[in-house]
Structure formats: structure tokens, C-alpha cells
Amino acid sequence: MILPINFKHQALAAEFAELRTRNPALYAMTAAAALWVWHEYRQHTTVTSIYRPDDTDSVHAHWRGVDVRVYHPGRWPADPNATIRREEEEGWSEEAAREVALWLERAFDYDGSESHDVSITHGEGMNRHVHLQLGPWSTR
Ligand SMILES: [Zn+2]
């Protein structure tokens, strides 16, 4: 294993590779979060969105946001033997999302003014995800 990161679809793997040069700090923060969750919870990270050029009001239009899936039981039946669990469908547990956010807020800084969190969990149901973000400094 290089990094315990999966991608919702294959184009995101190329975007994540591009993020390494577009926003090295956010790339490193995402990798650090994935490793932290893997070591603490043995859960894979699934990246669901990175660059959204048309979403102009969002940090995602500027290579400053990465979305990571939070597990929802609707993705497969409650009986784990009833279906094939695919790593891309798993995502982080709510507990892992909560705990890694506490660590990320200590380890990383949005913009030096503490005006924004670097890790926000939001969305409902199968859309629930952790939004990782850094301030404008990170792409300069
Ligand atoms: Zn987001």
C-alpha cells in the first residue's frame, strides 16, 4: 500500500495526482488524514470530489477542497454477508470523521486567522462527506 486512498471514479485518481502540484499542502493534508484514519481505525479513505471548475463559489473551483466519503449503511445491506463490500463504498465512520477532524484542526491551519475549519463533515445520507479545505495561501 502506498496510501490507503480509493477514488469514487478513476478520473479522480488523475485529479489527486494533479493536486500534488496544484496544492501541495492540501495533497499532504489529505494523505496525512488518510494515514491517520488507517492507523487509528483501519478504514480506507474514499475521495469523492476534488476539482469542480464550474462550482465557482466553492473552494473546489480553486483546487482547495477535497471531499471524502463518510460511510452510510444504505450502501449495502446490514448483513455483511449479503453483498460484496467494495473498499470504495466504505468511507470513514462518523467516529473516525469526528476524531480525525480534531487532529487536523490541531495539525493544520486554514489561513492563520482561525476563521475557517480545515475539516467539515456535512451532507445527509449517502451524500455525507468530510470536506477538507485550505485557504488561498495554499495555491499561491
Ligand atoms: Zn467539499
# chains A, B, ... in the order shown; residues from 1 in each chain; ligands from 1
>>> residues_near_ligand(ligand="ligand 1", cutoff="6 Å", atoms="only C-alpha atoms and all ligand atoms", output="PyMOL selection string")
chain A and resi 65-67+131
>>> write_last_selection(atoms="C-alpha atoms", output="JSON list (two decimals), in the first residue's frame")
[["chain", "number", "residue", "atom", "x", "y", "z"],
["A", 65, "GLY", "CA", -11.09, 21.32, -1.43],
["A", 66, "VAL", "CA", -11.17, 17.52, -1.25],
["A", 67, "ASP", "CA", -14.32, 15.56, -0.35],
["A", 131, "HIS", "CA", -14.89, 18.42, 3.24]]
>>> residues_around(residues="A:Thr139", least_positions_apart="2", cutoff="6 Å", atoms="only C-alpha atoms", output="list in words")
Asn23, Pro136 and Trp137 of chain A
>>> residues_around(residues="A:Ile50", least_positions_apart="3", cutoff="10 Å", atoms="only C-alpha atoms", output="list in words")
Leu12, Ala13, Glu15, Phe16, Leu19, Val47, Pro53, Val59, His60, Ala61, His62, Trp63, Arg64, Gly65, Val66, Asp67, Val68, His131 and Leu132 of chain A
>>> select_by_dssp(residues="stretch 16-112 of chain A", states="alpha helix (DSSP H)", output="VMD selection string")
chain A and resid 16 to 22 24 to 41 87 to 90 94 to 107
>>> closest_residue(among="A:Arg140, A:Tyr71, A:Ala96, A:Gly123", to="A:Trp36", atoms="only C-alpha atoms")
A:Ala96
>>> select_by_dssp(residues="chain A", states="strand (DSSP E or B)", output="list in words")
Ile5, Asn6, Phe7, Thr45, Thr46, Val47, Thr48, Ser49, Gly65, Val66, Asp67, Val68, Arg69, Val70, Trp92, Ser119, Ile120, Thr121, His122, His129, Val130, His131, Leu132 and Gln133 of chain A
>>> residues_around(residues="stretch 101-113 of chain A", least_positions_apart="5", cutoff="12 Å", atoms="only C-alpha atoms", output="count of residues only")
34
>>> residues_around(residues="A:His9", least_positions_apart="6", cutoff="10 Å", atoms="only C-alpha atoms", output="PyMOL selection string")
chain A and resi 46-49+88
>>> atom_distance(atom1="atom CA of A:Gly125", atom2="atom CA of A:Asn6")
19.8 Å
